[in-house]
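Visitor: You'll find target37.tsv just under this line, and it carries TSV, N, CA and C atoms.
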```tsv
chain	number	residue	atom	x	y	z
N	1	MET	N	45.89	115.24	-79.95
N	1	MET	CA	45.75	115.82	-78.62
N	1	MET	C	44.43	116.59	-78.53
N	2	THR	N	43.69	116.31	-77.49
N	2	THR	CA	42.41	116.98	-77.27
N	2	THR	C	42.65	118.31	-76.56
N	3	THR	N	42.06	119.34	-77.13
N	3	THR	CA	42.21	120.67	-76.54
N	3	THR	C	41.00	121.00	-75.69
N	4	PHE	N	41.12	122.04	-74.92
N	4	PHE	CA	40.02	122.51	-74.09
N	4	PHE	C	38.83	122.89	-74.97
N	5	THR	N	39.10	123.54	-76.11
N	5	THR	CA	38.04	123.93	-77.03
N	5	THR	C	37.31	122.71	-77.56
N	6	ASP	N	38.03	121.62	-77.86
N	6	ASP	CA	37.40	120.38	-78.32
N	6	ASP	C	36.44	119.83	-77.27
N	7	VAL	N	36.87	119.85	-76.03
N	7	VAL	CA	36.04	119.34	-74.93
N	7	VAL	C	34.78	120.18	-74.78
N	8	VAL	N	34.95	121.49	-74.82
N	8	VAL	CA	33.79	122.39	-74.69
N	8	VAL	C	32.82	122.18	-75.84
N	9	ASN	N	33.33	122.03	-77.05
N	9	ASN	CA	32.46	121.80	-78.21
N	9	ASN	C	31.73	120.47	-78.08
N	10	GLU	N	32.39	119.46	-77.57
N	10	GLU	CA	31.75	118.15	-77.37
N	10	GLU	C	30.63	118.25	-76.34
N	11	ILE	N	30.87	118.98	-75.28
N	11	ILE	CA	29.84	119.18	-74.25
N	11	ILE	C	28.65	119.92	-74.83
N	12	ARG	N	28.89	120.95	-75.61
N	12	ARG	CA	27.80	121.70	-76.24
N	12	ARG	C	26.97	120.81	-77.16
N	13	THR	N	27.64	119.99	-77.94
N	13	THR	CA	26.95	119.07	-78.85
N	13	THR	C	26.10	118.08	-78.06
N	14	THR	N	26.66	117.56	-76.98
N	14	THR	CA	25.92	116.61	-76.15
N	14	THR	C	24.68	117.25	-75.55
N	15	ILE	N	24.81	118.47	-75.07
N	15	ILE	CA	23.67	119.18	-74.47
N	15	ILE	C	22.59	119.40	-75.51
N	16	ARG	N	22.96	119.83	-76.73
N	16	ARG	CA	21.98	120.04	-77.79
N	16	ARG	C	21.26	118.73	-78.14
N	17	TYR	N	22.00	117.66	-78.23
N	17	TYR	CA	21.43	116.36	-78.55
N	17	TYR	C	20.45	115.91	-77.47
N	18	ARG	N	20.84	116.08	-76.21
N	18	ARG	CA	19.97	115.68	-75.10
N	18	ARG	C	18.68	116.48	-75.09
N	19	LYS	N	18.77	117.78	-75.37
N	19	LYS	CA	17.57	118.62	-75.40
N	19	LYS	C	16.60	118.15	-76.47
N	20	LYS	N	17.11	117.68	-77.61
N	20	LYS	CA	16.24	117.17	-78.66
N	20	LYS	C	15.60	115.85	-78.26
N	21	LEU	N	16.29	115.05	-77.46
N	21	LEU	CA	15.78	113.74	-77.06
N	21	LEU	C	14.81	113.80	-75.89
N	22	MET	N	14.85	114.84	-75.10
N	22	MET	CA	14.06	114.88	-73.86
N	22	MET	C	12.56	114.62	-74.07
N	23	PRO	N	11.90	115.23	-75.06
N	23	PRO	CA	10.47	114.92	-75.23
N	23	PRO	C	10.22	113.43	-75.51
N	24	TRP	N	11.09	112.82	-76.29
N	24	TRP	CA	10.96	111.40	-76.60
N	24	TRP	C	11.16	110.56	-75.34
N	25	ILE	N	12.16	110.89	-74.55
N	25	ILE	CA	12.44	110.16	-73.31
N	25	ILE	C	11.28	110.30	-72.34
N	26	LYS	N	10.74	111.51	-72.21
N	26	LYS	CA	9.61	111.72	-71.30
N	26	LYS	C	8.41	110.89	-71.73
N	27	GLY	N	8.20	110.73	-73.04
N	27	GLY	CA	7.10	109.89	-73.54
N	27	GLY	C	7.27	108.44	-73.12
N	28	LEU	N	8.51	107.96	-73.14
N	28	LEU	CA	8.78	106.59	-72.69
N	28	LEU	C	8.55	106.45	-71.20
N	29	ASP	N	8.98	107.45	-70.43
N	29	ASP	CA	8.80	107.40	-68.99
N	29	ASP	C	7.33	107.32	-68.60
N	30	GLU	N	6.48	108.02	-69.34
N	30	GLU	CA	5.05	108.02	-69.02
N	30	GLU	C	4.41	106.65	-69.24
N	31	ARG	N	4.93	105.89	-70.22
N	31	ARG	CA	4.38	104.57	-70.52
N	31	ARG	C	5.00	103.46	-69.70
N	32	ALA	N	6.13	103.72	-69.07
N	32	ALA	CA	6.85	102.69	-68.32
N	32	ALA	C	6.08	102.33	-67.05
N	33	PRO	N	6.17	101.07	-66.62
N	33	PRO	CA	5.53	100.69	-65.35
N	33	PRO	C	6.12	101.48	-64.19
N	34	LYS	N	5.29	101.82	-63.25
N	34	LYS	CA	5.74	102.55	-62.06
N	34	LYS	C	6.04	101.55	-60.94
N	35	ALA	N	6.76	102.00	-59.94
N	35	ALA	CA	7.07	101.14	-58.79
N	35	ALA	C	5.76	100.65	-58.18
N	36	GLY	N	5.68	99.34	-57.98
N	36	GLY	CA	4.49	98.74	-57.41
N	36	GLY	C	3.51	98.23	-58.45
N	37	ASP	N	3.65	98.64	-59.71
N	37	ASP	CA	2.78	98.14	-60.78
N	37	ASP	C	3.11	96.67	-61.06
N	38	MET	N	2.13	95.94	-61.56
N	38	MET	CA	2.38	94.57	-61.97
N	38	MET	C	3.17	94.59	-63.28
N	39	ALA	N	4.17	93.75	-63.37
N	39	ALA	CA	4.99	93.69	-64.57
N	39	ALA	C	4.17	93.21	-65.76
N	40	PRO	N	4.39	93.80	-66.93
N	40	PRO	CA	3.68	93.31	-68.11
N	40	PRO	C	4.13	91.89	-68.45
N	41	ASP	N	3.23	91.11	-68.96
N	41	ASP	CA	3.55	89.73	-69.29
N	41	ASP	C	4.41	89.67	-70.54
N	42	PHE	N	5.32	88.72	-70.60
N	42	PHE	CA	6.15	88.51	-71.78
N	42	PHE	C	6.63	87.07	-71.80
N	43	THR	N	7.09	86.65	-72.96
N	43	THR	CA	7.62	85.31	-73.14
N	43	THR	C	9.04	85.42	-73.69
N	44	LEU	N	9.94	84.64	-73.12
N	44	LEU	CA	11.33	84.58	-73.59
N	44	LEU	C	11.63	83.17	-74.05
N	45	PHE	N	12.54	83.06	-75.00
N	45	PHE	CA	12.95	81.76	-75.54
N	45	PHE	C	14.40	81.50	-75.20
N	46	ASP	N	14.76	80.21	-75.11
N	46	ASP	CA	16.16	79.88	-74.88
N	46	ASP	C	16.95	80.16	-76.15
N	47	THR	N	18.25	79.95	-76.09
N	47	THR	CA	19.12	80.30	-77.22
N	47	THR	C	18.84	79.49	-78.47
N	48	THR	N	18.21	78.33	-78.34
N	48	THR	CA	17.88	77.52	-79.51
N	48	THR	C	16.52	77.89	-80.08
N	49	GLY	N	15.71	78.59	-79.29
N	49	GLY	CA	14.36	78.95	-79.71
N	49	GLY	C	13.36	77.83	-79.50
N	50	ALA	N	13.80	76.74	-78.87
N	50	ALA	CA	12.93	75.58	-78.69
N	50	ALA	C	12.07	75.67	-77.43
N	51	LEU	N	12.63	76.19	-76.34
N	51	LEU	CA	11.91	76.27	-75.07
N	51	LEU	C	11.55	77.72	-74.78
N	52	SER	N	10.36	77.91	-74.21
N	52	SER	CA	9.94	79.26	-73.85
N	52	SER	C	9.52	79.30	-72.39
N	53	VAL	N	9.62	80.50	-71.83
N	53	VAL	CA	9.20	80.75	-70.46
N	53	VAL	C	8.36	82.03	-70.48
N	54	THR	N	7.20	82.00	-69.86
N	54	THR	CA	6.31	83.15	-69.80
N	54	THR	C	6.23	83.65	-68.36
N	55	LEU	N	6.36	84.94	-68.19
N	55	LEU	CA	6.38	85.51	-66.84
N	55	LEU	C	5.13	85.15	-66.05
N	56	SER	N	3.97	85.20	-66.68
N	56	SER	CA	2.72	84.93	-65.94
N	56	SER	C	2.66	83.51	-65.40
N	57	ASP	N	3.48	82.59	-65.93
N	57	ASP	CA	3.51	81.23	-65.39
N	57	ASP	C	4.01	81.19	-63.95
N	58	PHE	N	4.76	82.22	-63.54
N	58	PHE	CA	5.33	82.27	-62.19
N	58	PHE	C	4.50	83.11	-61.23
N	59	ARG	N	3.53	83.85	-61.75
N	59	ARG	CA	2.77	84.78	-60.92
N	59	ARG	C	2.06	84.04	-59.80
N	60	GLY	N	2.32	84.46	-58.56
N	60	GLY	CA	1.71	83.85	-57.39
N	60	GLY	C	2.38	82.57	-56.93
N	61	LYS	N	3.41	82.11	-57.64
N	61	LYS	CA	4.07	80.86	-57.28
N	61	LYS	C	5.45	81.08	-56.68
N	62	ARG	N	6.23	81.97	-57.29
N	62	ARG	CA	7.58	82.22	-56.80
N	62	ARG	C	8.06	83.56	-57.32
N	63	PRO	N	9.03	84.17	-56.63
N	63	PRO	CA	9.57	85.45	-57.09
N	63	PRO	C	10.40	85.26	-58.36
N	64	VAL	N	10.46	86.30	-59.16
N	64	VAL	CA	11.25	86.27	-60.39
N	64	VAL	C	12.19	87.46	-60.38
N	65	ALA	N	13.46	87.22	-60.66
N	65	ALA	CA	14.45	88.29	-60.79
N	65	ALA	C	14.89	88.35	-62.24
N	66	LEU	N	14.79	89.52	-62.84
N	66	LEU	CA	15.23	89.70	-64.22
N	66	LEU	C	16.58	90.40	-64.22
N	67	VAL	N	17.52	89.85	-64.96
N	67	VAL	CA	18.84	90.45	-65.08
N	67	VAL	C	19.09	90.71	-66.56
N	68	PHE	N	19.30	91.97	-66.89
N	68	PHE	CA	19.57	92.34	-68.28
N	68	PHE	C	21.03	92.70	-68.38
N	69	GLY	N	21.71	92.09	-69.32
N	69	GLY	CA	23.12	92.39	-69.52
N	69	GLY	C	23.76	91.32	-70.36
N	70	SER	N	25.03	91.48	-70.58
N	70	SER	CA	25.79	90.53	-71.39
N	70	SER	C	26.77	89.79	-70.52
N	71	PHE	N	26.83	88.50	-70.68
N	71	PHE	CA	27.74	87.67	-69.90
N	71	PHE	C	28.73	86.99	-70.82
N	72	THR	N	29.11	87.68	-71.89
N	72	THR	CA	30.06	87.09	-72.85
N	72	THR	C	31.46	87.59	-72.59
```
Can the structure from this file be put into structure tokens for me?

Guide:
Amino acid sequence: MTTFTDVVNEIRTTIRYRKKLMPWIKGLDERAPKAGDMAPDFTLFDTTGALSVTLSDFRGKRPVALVFGSFT
């Protein structure tokens, strides 16, 4: 059974952990593309590793939608 004290201690631990991570997260935010920036180029491979697709191949030809997640 979870007690009120357990919940409060978990919240305190989470807050301490987040405070330690904030400088690292802010560093990532500064390097991330901003709204309106051109997406960095990258290449992805199919599940067999045989076929590849590069983002820049579509630039100026058609829109690209990226979906990140698991469909399993």

Visitor: From a DSSP calculation on the backbone, collect every residue of chain N in helix (DSSP H, G or I) and output the set as a VMD selection string.

Guide: chain N and resid 4 to 31 55 to 58

Visitor: Report, in Å with one decimal, the straight-line distance from atom CA of N:Met38 to atom CA of N:Phe68.

Guide: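 Between these atoms lies a distance of 18.4 Å.
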
Visitor: Counting only C-alpha atoms, note down every residue that has an atom within 9 Å of the point (11.2, 85.8, -74.1) (file coordinates), as a list in words.

Guide: Phe42, Thr43, Leu44, Phe45, Asp46, Ser52, Val53, Thr54 and Leu55 of chain N

Visitor: By how many Å are atom N of N:Glu30 and atom CA of N:Tyr17 apart?

Guide: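 Going from atom N of N:Glu30 over to atom CA of N:Tyr17, I get 19.4 Å.
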
Visitor: Take atom CA of N:Ala39 and atom CA of N:Ser56 and report the distance between them in Å, one decimal.

Guide: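 According to the coordinates, atom CA of N:Ala39 and atom CA of N:Ser56 are separated by 9.2 Å.
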